>>> print(open('data23.cif').read())   # mmCIF, C-alpha atoms
data_model
loop_
_atom_site.label_atom_id
_atom_site.label_comp_id
_atom_site.auth_asym_id
_atom_site.auth_seq_id
_atom_site.Cartn_x
_atom_site.Cartn_y
_atom_site.Cartn_z
CA MET T 1 -120.13 106.74 129.67
CA ALA T 2 -120.06 104.29 126.76
CA THR T 3 -118.39 101.58 128.88
CA VAL T 4 -120.36 102.14 132.07
CA HIS T 5 -122.56 99.05 131.49
CA LEU T 6 -119.73 96.67 130.57
CA PHE T 7 -117.60 96.70 133.73
CA GLU T 8 -118.71 95.67 137.16
CA GLY T 9 -119.02 98.62 139.53
CA ARG T 10 -118.17 101.18 136.84
CA ARG T 11 -121.22 103.34 137.60
CA TRP T 12 -119.98 104.01 141.15
CA PHE T 13 -116.78 105.70 139.95
CA GLY T 14 -117.95 108.80 138.12
CA TRP T 15 -117.34 111.32 140.90
CA TYR T 16 -114.84 113.60 139.25
CA ASN T 17 -114.89 116.91 137.41
CA THR T 18 -114.94 115.94 133.75
CA PRO T 19 -114.87 117.98 130.54
CA GLY T 20 -117.59 117.71 127.91
CA SER T 21 -120.57 117.70 130.26
CA TYR T 22 -122.70 119.69 127.83
CA GLU T 23 -121.99 117.23 124.99
CA ILE T 24 -122.89 114.35 127.30
CA ALA T 25 -126.13 116.11 128.21
CA LYS T 26 -127.06 116.72 124.56
CA GLN T 27 -126.39 113.12 123.56
CA TYR T 28 -128.01 111.22 126.42
CA GLY T 29 -130.78 113.72 126.99
CA GLN T 30 -132.33 112.43 123.77
CA LEU T 31 -133.22 109.21 125.61
CA ALA T 32 -135.83 111.01 127.72
CA LYS T 33 -139.27 110.87 126.13
CA ALA T 34 -141.55 113.80 126.93
CA ARG T 35 -142.33 117.15 125.36
CA LEU T 36 -140.19 118.94 127.92
CA TRP T 37 -137.15 116.77 127.23
CA ASP T 38 -137.68 116.89 123.47
CA GLY T 39 -137.67 120.68 123.68
CA LEU T 40 -134.52 120.83 125.78
CA PHE T 41 -132.66 118.08 123.89
CA PRO T 42 -133.99 117.96 120.33
CA GLY T 43 -133.35 114.93 118.20
CA PRO T 44 -134.71 111.44 117.65
CA ASN T 45 -135.59 109.33 120.69
CA ARG T 46 -133.11 106.53 120.13
CA ASP T 47 -132.99 103.11 121.71
CA PRO T 48 -130.60 103.15 124.71
CA ALA T 49 -128.59 100.12 123.55
CA GLN T 50 -128.09 101.63 120.11
CA LEU T 51 -127.17 105.02 121.56
CA PHE T 52 -124.43 103.38 123.64
CA GLY T 53 -123.27 101.31 120.66
CA LEU T 54 -124.32 98.01 122.25
CA ASP T 55 -126.76 96.98 119.52
CA GLY T 56 -128.01 97.97 116.09
CA LYS T 57 -125.17 97.03 113.76
CA PRO T 58 -126.30 94.60 111.04
CA GLY T 59 -124.55 91.27 110.72
CA PRO T 60 -123.79 89.20 107.60
CA ARG T 61 -126.43 87.49 105.49
CA PHE T 62 -127.43 84.10 106.93
CA LEU T 63 -128.46 81.06 104.91
CA ALA T 64 -130.12 78.19 106.82
CA ALA T 65 -128.90 74.80 105.66
CA HIS T 66 -132.04 72.78 106.47
CA SER T 67 -134.95 75.17 106.03
CA GLY T 68 -133.36 77.13 103.20
CA SER T 69 -134.51 80.43 104.70
CA VAL T 70 -132.37 83.53 104.22
CA ILE T 71 -131.88 86.38 106.68
CA GLN T 72 -130.58 89.29 104.64
CA ASN T 73 -129.23 91.12 107.69
CA SER T 74 -128.58 89.15 110.84
CA ASN T 75 -128.48 90.99 114.16
CA HIS T 76 -125.79 92.61 116.24
CA PRO T 77 -124.49 89.38 117.90
CA ALA T 78 -123.74 87.93 114.44
CA TYR T 79 -121.86 91.13 113.61
CA LEU T 80 -119.73 90.65 116.74
CA VAL T 81 -119.01 87.00 115.92
CA ALA T 82 -118.10 87.85 112.31
CA ARG T 83 -115.76 90.53 113.59
CA LYS T 84 -114.24 88.01 116.00
CA ALA T 85 -113.74 85.50 113.17
CA GLN T 86 -111.77 88.08 111.19
CA THR T 87 -109.27 88.47 114.03
CA ILE T 88 -108.51 84.76 114.46
CA GLN T 89 -104.95 84.27 113.28
CA ARG T 90 -104.74 80.52 113.92
CA ARG T 91 -105.65 78.90 110.59
CA ILE T 92 -105.56 75.35 109.25
CA PRO T 93 -104.51 75.49 105.56
CA ILE T 94 -106.17 73.11 103.10
CA PRO T 95 -103.58 72.30 100.41
CA SER T 96 -104.37 73.09 96.78
CA THR T 97 -102.55 71.86 93.67
CA ARG T 98 -103.94 74.72 91.60
CA ARG T 99 -102.48 78.19 91.75
CA PRO T 100 -104.29 80.02 94.56
CA THR T 101 -106.64 82.66 93.20
CA LEU T 102 -107.59 84.28 96.51
CA ASP T 103 -107.31 83.85 100.25
CA SER T 104 -110.62 82.27 101.28
CA THR T 105 -111.52 81.14 104.79
CA VAL T 106 -114.20 79.08 106.50
CA THR T 107 -114.71 79.45 110.23
CA THR T 108 -116.74 76.68 111.88
CA ILE T 109 -118.53 77.44 115.14
CA ASP T 110 -120.30 74.72 117.12
CA LEU T 111 -123.00 76.09 119.43
CA HIS T 112 -123.64 73.56 122.20
CA HIS T 113 -125.65 75.81 124.50
CA THR T 114 -129.03 77.47 124.00
CA PRO T 115 -129.22 80.49 126.33
CA PRO T 116 -132.48 81.47 128.04
CA LEU T 117 -134.85 83.60 125.99
CA GLU T 118 -133.84 86.56 128.16
CA LEU T 119 -130.99 86.97 130.60
CA ARG T 120 -128.80 89.61 132.13
CA PRO T 121 -125.18 88.73 131.43
CA PRO T 122 -122.86 89.70 134.28
CA PRO T 123 -120.54 92.61 133.51
CA LEU T 124 -116.85 91.92 133.25
CA LYS T 125 -114.69 92.14 136.34
CA SER T 126 -111.78 94.48 135.82
CA HIS T 127 -109.43 96.84 137.60
CA LEU T 128 -110.35 99.62 135.17
CA PRO T 129 -113.04 101.20 137.40
CA LEU T 130 -110.45 101.52 140.17
CA LEU T 131 -108.33 103.74 137.90
CA ALA T 132 -111.10 106.31 138.31
CA LEU T 133 -109.78 106.86 141.84
CA ILE T 134 -107.03 108.99 140.27
CA PRO T 135 -109.33 111.67 138.77
CA ILE T 136 -111.64 111.35 141.78
CA ALA T 137 -108.78 112.06 144.20
CA ALA T 138 -107.55 114.90 142.01
CA SER T 139 -110.98 116.57 141.88
CA ILE T 140 -111.66 116.22 145.59
CA GLY T 141 -108.14 117.34 146.48
CA ALA T 142 -108.43 120.42 144.24
CA CYS T 143 -111.79 121.24 145.77
CA VAL T 144 -110.30 121.05 149.30
CA LEU T 145 -107.29 123.19 148.33
CA CYS T 146 -109.58 125.85 146.87
CA ALA T 147 -111.55 125.87 150.11
CA LEU T 148 -108.34 126.22 152.18
CA VAL T 149 -107.37 129.37 150.27
CA ALA T 150 -110.97 130.64 150.46
CA ASP T 151 -111.48 130.49 146.69
CA TRP T 152 -115.12 129.55 146.98
CA TRP T 153 -115.90 130.28 143.33
CA CYS T 154 -113.51 127.65 142.01
CA CYS T 155 -114.38 125.33 144.89
CA ALA T 156 -118.05 125.52 143.94
CA SER T 157 -117.22 125.02 140.25
CA ILE T 158 -115.21 121.86 140.89
CA ALA T 159 -117.75 120.55 143.40
CA SER T 160 -120.63 121.07 140.96
CA GLY T 161 -118.70 119.14 138.30
CA VAL T 162 -118.04 116.27 140.70
CA LEU T 163 -121.70 116.05 141.78
CA ALA T 164 -123.18 116.38 138.30
CA SER T 165 -120.81 113.82 136.78
CA GLY T 166 -121.17 111.34 139.63
CA ILE T 167 -124.98 111.47 139.66
CA ALA T 168 -125.15 111.19 135.87
CA CYS T 169 -122.74 108.23 135.78
CA PHE T 170 -124.69 106.43 138.51
CA THR T 171 -128.07 107.10 136.90
CA ILE T 172 -127.07 106.26 133.33
CA GLY T 173 -125.11 103.23 134.52
CA SER T 174 -128.11 101.88 136.44
CA GLY T 175 -129.47 100.32 133.24
CA HIS T 176 -129.23 96.54 133.05
CA LEU T 177 -127.58 95.04 129.99
CA THR T 178 -129.97 92.34 128.73
CA PHE T 179 -129.60 89.70 126.03
CA SER T 180 -132.71 88.22 124.40
CA HIS T 181 -133.63 86.10 121.40
CA PRO T 182 -136.88 84.73 119.92
CA LYS T 183 -138.18 81.30 120.82
CA PRO T 184 -137.84 78.80 117.95
CA ALA T 185 -140.91 77.10 116.55
CA THR T 186 -141.80 73.70 117.95
CA GLY T 187 -140.32 70.89 115.88
CA ALA T 188 -137.98 73.24 114.02
CA PRO T 189 -135.06 71.53 112.22
CA PRO T 190 -131.48 72.09 113.34
CA GLY T 191 -130.42 75.69 112.93
CA ASP T 192 -127.23 74.90 111.00
CA GLY T 193 -126.35 77.51 108.42
CA VAL T 194 -123.71 79.84 107.08
CA LEU T 195 -123.01 83.53 107.62
CA ILE T 196 -121.88 85.01 104.31
CA ASP T 197 -119.35 87.66 105.26
CA GLU T 198 -117.18 89.67 102.90
CA ASP T 199 -114.05 88.34 104.61
CA GLY T 200 -115.04 84.67 104.70
CA LEU T 201 -117.77 82.14 105.40
CA ILE T 202 -118.81 81.31 108.96
CA VAL T 203 -120.49 77.93 109.46
CA LEU T 204 -122.84 77.80 112.46
CA ARG T 205 -123.98 74.44 113.80
CA GLY T 206 -126.31 73.75 116.68
CA GLU T 207 -129.93 73.62 117.74
CA GLU T 208 -132.33 76.14 116.28
CA GLY T 209 -132.48 78.06 119.55
CA ALA T 210 -128.68 78.29 119.81
CA VAL T 211 -128.28 79.58 116.25
CA ASN T 212 -131.28 81.91 116.70
CA ALA T 213 -129.51 83.48 119.67
CA LEU T 214 -126.64 84.42 117.40
CA THR T 215 -128.46 85.43 114.23
CA ARG T 216 -131.61 86.99 115.71
CA GLY T 217 -130.59 87.86 119.27
CA ARG T 218 -130.18 91.41 120.47
CA PHE T 219 -128.78 93.43 123.35
CA SER T 220 -130.89 95.97 125.19
CA LEU T 221 -130.63 98.26 128.20
CA ARG T 222 -133.44 98.10 130.74
CA TYR T 223 -134.10 101.03 133.07
CA ASP T 224 -136.59 101.26 135.92
CA GLY T 225 -138.08 104.44 134.48
CA GLU T 226 -138.60 103.20 130.93
CA PRO T 227 -140.03 104.10 128.53
CA ARG T 228 -139.92 107.78 129.60
CA TYR T 229 -136.39 107.76 131.09
CA SER T 230 -137.19 110.89 133.10
CA SER T 231 -134.26 110.34 135.49
CA ILE T 232 -131.83 110.54 132.57
CA GLY T 233 -133.53 113.76 131.46
CA VAL T 234 -133.04 115.25 134.92
CA CYS T 235 -129.36 114.26 134.92
CA SER T 236 -128.90 115.84 131.51
CA VAL T 237 -130.40 119.07 132.81
CA GLY T 238 -128.02 118.89 135.76
CA LEU T 239 -125.04 118.50 133.46
CA THR T 240 -126.19 121.48 131.42
CA VAL T 241 -126.67 123.65 134.54
CA GLN T 242 -123.24 122.58 135.81
CA PHE T 243 -121.69 123.62 132.49
CA LEU T 244 -123.30 127.06 132.69
CA LEU T 245 -122.34 127.50 136.35
CA GLN T 246 -118.70 126.81 135.59
CA LEU T 247 -118.75 129.35 132.77
CA LEU T 248 -120.00 131.97 135.22
CA LEU T 249 -118.03 131.07 138.35
CA ILE T 250 -114.53 130.24 137.10
CA PRO T 251 -113.71 133.81 135.87
CA SER T 252 -114.43 135.09 139.38
CA GLY T 253 -111.93 132.73 141.02
CA THR T 254 -108.26 133.22 141.80
CA LEU T 255 -105.47 132.21 139.46
CA PHE T 256 -104.53 129.37 141.83
CA GLY T 257 -108.08 128.03 141.79
CA GLN T 258 -108.35 128.35 138.03
CA VAL T 259 -105.12 126.36 137.60
CA LEU T 260 -106.47 123.64 139.88
CA PHE T 261 -109.73 123.60 137.93
CA VAL T 262 -107.91 123.13 134.61
CA ALA T 263 -105.70 120.45 136.19
CA THR T 264 -108.76 118.41 137.23
CA LEU T 265 -110.11 118.64 133.71
CA GLY T 266 -106.77 117.50 132.27
CA ILE T 267 -106.53 114.46 134.56
CA SER T 268 -110.15 113.53 133.88
CA TRP T 269 -109.62 113.95 130.15
CA ALA T 270 -106.62 111.56 130.27
CA TYR T 271 -108.71 108.94 132.09
CA ASN T 272 -111.62 109.34 129.67
CA ALA T 273 -109.23 109.09 126.72
CA TYR T 274 -107.88 105.83 128.12
CA LEU T 275 -111.40 104.41 128.40
CA SER T 276 -112.22 105.59 124.88
CA ALA T 277 -109.16 103.77 123.54
CA LEU T 278 -110.58 100.43 124.69
CA GLU T 279 -112.25 98.35 121.99
CA LYS T 280 -115.78 98.33 123.33
CA GLU T 281 -116.87 95.74 120.78
CA ASP T 282 -114.12 93.37 121.93
CA ILE T 283 -115.40 93.67 125.48
CA GLN T 284 -118.97 93.04 124.36
CA THR T 285 -117.81 90.05 122.28
CA ASP T 286 -116.29 88.50 125.41
CA ILE T 287 -119.65 88.94 127.16
CA LEU T 288 -121.44 87.34 124.19
CA LEU T 289 -119.07 84.34 124.19
CA ASP T 290 -119.86 83.84 127.88
CA VAL T 291 -123.60 83.99 127.13
CA LEU T 292 -123.25 81.36 124.38
CA ARG T 293 -120.68 79.38 126.43
CA LEU T 294 -118.36 79.33 123.44
CA ARG T 295 -114.78 78.19 123.97
CA GLU T 296 -112.62 79.56 121.21
CA GLU T 297 -110.04 76.78 121.34
CA ALA T 298 -112.55 73.91 121.35
CA ASP T 299 -115.61 75.21 119.49
CA VAL T 300 -114.13 77.51 116.84
CA GLN T 301 -111.90 76.41 113.95
CA LYS T 302 -110.68 78.41 110.98
CA PHE T 303 -109.59 76.95 107.64
CA SER T 304 -107.97 78.67 104.68
CA PHE T 305 -108.29 77.79 100.99
CA GLY T 306 -106.70 78.86 97.75
CA THR T 307 -109.91 78.95 95.70
CA ARG T 308 -113.50 79.99 96.22
CA THR T 309 -114.67 76.60 94.90
CA ALA T 310 -112.84 74.66 97.59
CA GLN T 311 -114.16 77.05 100.22
CA VAL T 312 -117.78 76.46 99.17
CA VAL T 313 -117.39 72.67 98.93
CA PHE T 314 -115.86 72.54 102.41
CA THR T 315 -118.83 74.58 103.68
CA CYS T 316 -121.31 72.12 102.14
CA LEU T 317 -119.47 69.17 103.69
CA SER T 318 -119.42 70.84 107.11
CA LEU T 319 -123.17 71.51 106.99
CA ARG T 320 -124.42 68.26 105.42
CA SER T 321 -127.45 70.11 104.16
CA PRO T 322 -130.39 68.14 102.68
CA ARG T 323 -130.55 70.80 99.96
CA PRO T 324 -126.95 71.38 98.86
CA MET T 325 -128.01 72.96 95.56
CA LYS T 326 -129.52 75.88 97.48
CA ILE T 327 -126.17 76.55 99.15
CA LEU T 328 -124.21 76.08 95.93
CA ASP T 329 -126.43 78.52 94.05
CA GLU T 330 -126.26 81.10 96.84
CA LEU T 331 -122.50 80.96 97.26
CA LEU T 332 -121.60 80.30 93.60
CA PRO T 333 -124.27 81.95 91.44
CA ASN T 334 -122.45 81.02 88.20
CA ASP T 335 -124.92 79.28 85.86
CA THR T 336 -122.90 78.49 82.73
CA PRO T 337 -123.08 74.91 81.38
CA VAL T 338 -119.75 74.07 83.04
CA TRP T 339 -120.93 75.21 86.46
CA GLN T 340 -124.32 73.56 86.06
CA GLN T 341 -122.66 70.23 85.29
CA TRP T 342 -120.31 70.62 88.23
CA LYS T 343 -123.15 71.45 90.60
CA ARG T 344 -125.28 68.51 89.44
CA VAL T 345 -122.51 65.97 89.99
CA LEU T 346 -121.59 67.51 93.34
CA GLU T 347 -125.20 67.59 94.51
CA ARG T 348 -125.66 63.92 93.68
CA LYS T 349 -122.60 62.88 95.66
CA LEU T 350 -123.41 65.13 98.62
CA LEU T 351 -126.97 63.80 98.92
CA ALA T 352 -125.72 60.21 98.69
CA HIS T 353 -122.91 60.94 101.20
CA GLU T 354 -120.42 59.58 98.70
CA PRO T 355 -116.71 60.48 98.71
CA LEU T 356 -115.98 63.40 96.41
CA GLU T 357 -113.87 61.38 94.03
CA PHE T 358 -114.43 61.94 90.33
CA ARG T 359 -113.81 60.00 87.15
CA GLU T 360 -112.92 61.20 83.69
CA SER T 361 -116.49 60.63 82.56
CA ASP T 362 -117.65 63.32 84.98
CA TRP T 363 -115.88 66.09 83.04
CA LYS T 364 -115.61 64.57 79.56
CA VAL T 365 -119.10 65.77 78.67
CA PRO T 366 -119.84 65.69 74.90
CA HIS T 367 -121.63 69.04 74.68
CA LEU T 368 -118.72 70.92 76.31
CA SER T 369 -115.68 72.22 74.45
CA HIS T 370 -112.19 71.05 75.30
CA GLY T 371 -111.51 74.24 77.23
CA ASP T 372 -114.71 73.86 79.23
CA GLN T 373 -113.86 70.24 79.98
CA GLN T 374 -110.47 71.30 81.31
CA LEU T 375 -112.13 73.96 83.49
CA LEU T 376 -114.60 71.36 84.77
CA ALA T 377 -111.74 69.01 85.62
CA ASP T 378 -110.07 71.80 87.60
CA LEU T 379 -113.30 72.47 89.49
CA PHE T 380 -113.62 68.79 90.37
CA GLN T 381 -110.01 68.85 91.53
CA ASP T 382 -110.86 71.73 93.87
CA ALA T 383 -113.83 69.79 95.22
CA HIS T 384 -111.73 66.67 95.78
CA GLU T 385 -109.03 68.59 97.64
CA ALA T 386 -111.66 70.26 99.82
CA TYR T 387 -113.09 66.81 100.59
CA LYS T 388 -109.64 65.51 101.53
CA GLY T 389 -109.07 68.48 103.79
CA TRP T 390 -112.45 68.02 105.43
CA ARG T 391 -111.87 64.29 105.91
CA ASP T 392 -108.44 64.84 107.43
CA ALA T 393 -109.83 67.53 109.71
CA CYS T 394 -112.56 65.15 110.91
CA ARG T 395 -109.94 62.56 111.79
CA SER T 396 -107.75 65.02 113.67
CA PRO T 397 -108.58 65.22 117.41
CA ASP T 398 -107.84 68.96 117.35
CA THR T 399 -110.37 69.71 114.60
CA ALA T 400 -112.95 66.95 114.99
CA SER T 401 -115.65 69.57 115.48
CA VAL T 402 -115.84 70.17 111.72
CA SER T 403 -117.72 66.90 111.35
CA THR T 404 -121.47 66.84 111.91
CA GLU T 405 -121.78 63.08 111.76
CA LYS T 406 -122.95 61.46 114.97
#
>>> encode(input="data23.cif", output="structure tokens")
Amino acid sequence: MATVHLFEGRRWFGWYNTPGSYEIAKQYGQLAKARLWDGLFPGPNRDPAQLFGLDGKPGPRFLAAHSGSVIQNSNHPAYLVARKAQTIQRRIPIPSTRRPTLDSTVTTIDLHHTPPLELRPPPLKSHLPLLALIPIAASIGACVLCALVADWWCCASIASGVLASGIACFTIGSGHLTFSHPKPATGAPPGDGVLIDEDGLIVLRGEEGAVNALTRGRFSLRYDGEPRYSSIGVCSVGLTVQFLLQLLLIPSGTLFGQVLFVATLGISWAYNAYLSALEKEDIQTDILLDVLRLREEADVQKFSFGTRTAQVVFTCLSLRSPRPMKILDELLPNDTPVWQQWKRVLERKLLAHEPLEFRESDWKVPHLSHGDQQLLADLFQDAHEAYKGWRDACRSPDTASVSTEK
């Protein structure tokens, strides 16, 4: 049931006797909102998209480069993109003369398309729904064989499972997967910013509406009977009745019919297990990339660094923020005299769009000890190497998207 909204035509292929009907009824019966349904299926009335795992997971913290606003928890689409960034194996290493202290990455994503405020993304086309013909044929064949040997108890048990499962799959799958995002304010600055993930930084660049779609967008499921979802409540009752009927009827059947009944459950279980093994979030990520019209090869680049300092400097260069100190303080909260001096010099050069090349006078500061001056020189070296890597990436036709200069 969890993948019924992701594949085209999936809802039409639920006509087979499946195990776990009572568990399905208990879980999805909570969608129905009425006193009757709350009594039959106690529990919180959850949002359909969250119940199916299509929305609700918080994304990384987002820092806007131009407005300076911070979103502590971005929405589900940002979670999917951050998860996608983690899986990208193709990296461009930025050389470092210092001994690497950690494996840091920056993923740059250029958003060229602002999707409509609300749309229904088309489900993926796949052969997977056709695999359901195997358990469907097995259930119908077993039902016919039971009828041929006049085992009407087992025939009725299998037939009730086929009908209850098929109707439930069709009804639950009739919801429309919808993507929506808020409309940006008129005259809003570019939405460029950075997602601060535990596994790396993700630079987003594009119009406010395009970035909004990623950081504040959400998936939802729309049903004709919302907000009561009475049809889902009826299907859940049907699944519960089918479960009870099978408990009563199967012991009255013949051994041959009982074996056929168990066989249909086994084949259906194998098919359901195969569907459960699919990474649903990967499938939803592919749908999201289609919504945003993102091409992984052209619009997404990933860079690796040996130090956190180089990673942050590269991020600032990629964003060209009018307030670089805000980004530096958020990503590097160190406030010792050494770091304060480093940030001041770096901010001045970033605002003036000067090359990040440093002189001895930048780190030979009188009020710093010799050890602090050496540390400051190392930090400037990291910044210079990040600048060289960024400049080389801008010149390369394969990675020219890291530059924001027009």
>>> atom_distance(input="data23.cif", atom1="CA of Ala138 (chain T)", atom2="CA of Ile283 (chain T)")
28.0 Å
>>> resolve_selection(input="data23.cif", expression="the PyMOL selection byres ((chain T and resi 375-381) around 9)", output="ChimeraX atom specification")
/T:96-98,309-310,338-339,341-342,346,356-358,360,362-364,370-374,382-386
>>> atom_distance(input="data23.cif", atom1="CA of Leu63 (chain T)", atom2="CA of Leu195 (chain T)")
6.6 Å
>>> atom_distance(input="data23.cif", atom1="CA of Glu226 (chain T)", atom2="CA of Lys33 (chain T)")
9.1 Å
>>> closest_residue(input="data23.cif", among="T:Ser104, T:Cys143, T:Thr3, T:Gly68", to="Asp329 (chain T)", atoms="only C-alpha atoms")
T:Gly68
>>> residues_around(input="data23.cif", residues="region 210-222 of chain T", least_positions_apart="4", cutoff="7 Å", atoms="all atoms listed in the file", output="list of chain:residue names")
T:Pro48, T:Ala49, T:Leu54, T:Asp55, T:Ser74, T:Asn75, T:His76, T:Pro77, T:Ala78, T:Leu111, T:His113, T:Thr114, T:Pro115, T:Gly175, T:His176, T:Leu177, T:Thr178, T:Phe179, T:Ser180, T:His181, T:Gly191, T:Leu204, T:Gly206
>>> closest_residue(input="data23.cif", among="T:Arg344, T:Arg323, T:His112, T:Arg228", to="Leu292 (chain T)", atoms="only C-alpha atoms")
T:His112
>>> closest_residue(input="data23.cif", among="T:Gly187, T:Pro42, T:Pro324, T:Gly166", to="Arg11 (chain T)", atoms="all atoms listed in the file")
T:Gly166
>>> residues_around(input="data23.cif", residues="Asn45 (chain T)", least_positions_apart="5", cutoff="8 Å", atoms="all atoms listed in the file", output="list in words")
Gln30, Leu31, Ala32 and Lys33 of chain T
>>> closest_residue(input="data23.cif", among="T:Lys388, T:Pro129, T:Leu36, T:Glu207", to="Ala185 (chain T)", atoms="all atoms listed in the file")
T:Glu207
>>> closest_residue(input="data23.cif", among="T:Ile267, T:Ala85, T:Ala277, T:Leu328", to="Ile134 (chain T)", atoms="all atoms listed in the file")
T:Ile267
>>> closest_residue(input="data23.cif", among="T:Arg61, T:Arg83, T:Arg293, T:Arg10", to="Pro123 (chain T)", atoms="all atoms listed in the file")
T:Arg10
>>> residues_near_point(input="data23.cif", point="(-102.0, 73.2, 106.9)", cutoff="10 Å", atoms="only C-alpha atoms", output="compact mmCIF listing (two decimals) with C-alpha atoms, keeping the file's coordinate frame")
# COMPACT_ATOMS: atom_id res chain seq x y z
CA ARG T 91 -105.65 78.90 110.59
CA ILE T 92 -105.56 75.35 109.25
CA PRO T 93 -104.51 75.49 105.56
CA ILE T 94 -106.17 73.11 103.10
CA PRO T 95 -103.58 72.30 100.41
CA PHE T 303 -109.59 76.95 107.64
CA SER T 304 -107.97 78.67 104.68
CA PHE T 305 -108.29 77.79 100.99
CA GLY T 389 -109.07 68.48 103.79
>>> residues_around(input="data23.cif", residues="Gly266 (chain T)", least_positions_apart="5", cutoff="12 Å", atoms="all atoms listed in the file", output="number ranges by chain")
T: 16-20, 134-135, 138-139, 259-261, 271-273
>>> write_last_selection(input="data23.cif", atoms="C-alpha atoms", output="CSV table (one decimal), in the frame of the given file")
chain,number,residue,atom,x,y,z
T,16,TYR,CA,-114.8,113.6,139.2
T,17,ASN,CA,-114.9,116.9,137.4
T,18,THR,CA,-114.9,115.9,133.8
T,19,PRO,CA,-114.9,118.0,130.5
T,20,GLY,CA,-117.6,117.7,127.9
T,134,ILE,CA,-107.0,109.0,140.3
T,135,PRO,CA,-109.3,111.7,138.8
T,138,ALA,CA,-107.6,114.9,142.0
T,139,SER,CA,-111.0,116.6,141.9
T,259,VAL,CA,-105.1,126.4,137.6
T,260,LEU,CA,-106.5,123.6,139.9
T,261,PHE,CA,-109.7,123.6,137.9
T,271,TYR,CA,-108.7,108.9,132.1
T,272,ASN,CA,-111.6,109.3,129.7
T,273,ALA,CA,-109.2,109.1,126.7
>>> resolve_selection(input="data23.cif", expression="the PyMOL selection byres ((chain T and resi 149-153) around 9)", output="ChimeraX atom specification")
/T:144-148,154-158,246,249-254,256-257
>>> write_last_selection(input="data23.cif", atoms="C-alpha atoms", output="compact mmCIF listing (two decimals), keeping the file's coordinate frame")
# COMPACT_ATOMS: atom_id res chain seq x y z
CA VAL T 144 -110.30 121.05 149.30
CA LEU T 145 -107.29 123.19 148.33
CA CYS T 146 -109.58 125.85 146.87
CA ALA T 147 -111.55 125.87 150.11
CA LEU T 148 -108.34 126.22 152.18
CA CYS T 154 -113.51 127.65 142.01
CA CYS T 155 -114.38 125.33 144.89
CA ALA T 156 -118.05 125.52 143.94
CA SER T 157 -117.22 125.02 140.25
CA ILE T 158 -115.21 121.86 140.89
CA GLN T 246 -118.70 126.81 135.59
CA LEU T 249 -118.03 131.07 138.35
CA ILE T 250 -114.53 130.24 137.10
CA PRO T 251 -113.71 133.81 135.87
CA SER T 252 -114.43 135.09 139.38
CA GLY T 253 -111.93 132.73 141.02
CA THR T 254 -108.26 133.22 141.80
CA PHE T 256 -104.53 129.37 141.83
CA GLY T 257 -108.08 128.03 141.79
>>> residues_near_point(input="data23.cif", point="(-121.4, 74.9, 101.7)", cutoff="10 Å", atoms="all atoms listed in the file", output="MDAnalysis selection string")
chainID T and resid 63 65 106 193:194 201 203 309:321 324:332
>>> residues_around(input="data23.cif", residues="Ile136 (chain T)", least_positions_apart="6", cutoff="9 Å", atoms="all atoms listed in the file", output="CSV table (one decimal) with C-alpha atoms, keeping the file's coordinate frame")
chain,number,residue,atom,x,y,z
T,13,PHE,CA,-116.8,105.7,140.0
T,14,GLY,CA,-118.0,108.8,138.1
T,15,TRP,CA,-117.3,111.3,140.9
T,16,TYR,CA,-114.8,113.6,139.2
T,17,ASN,CA,-114.9,116.9,137.4
T,162,VAL,CA,-118.0,116.3,140.7
T,264,THR,CA,-108.8,118.4,137.2
T,268,SER,CA,-110.2,113.5,133.9
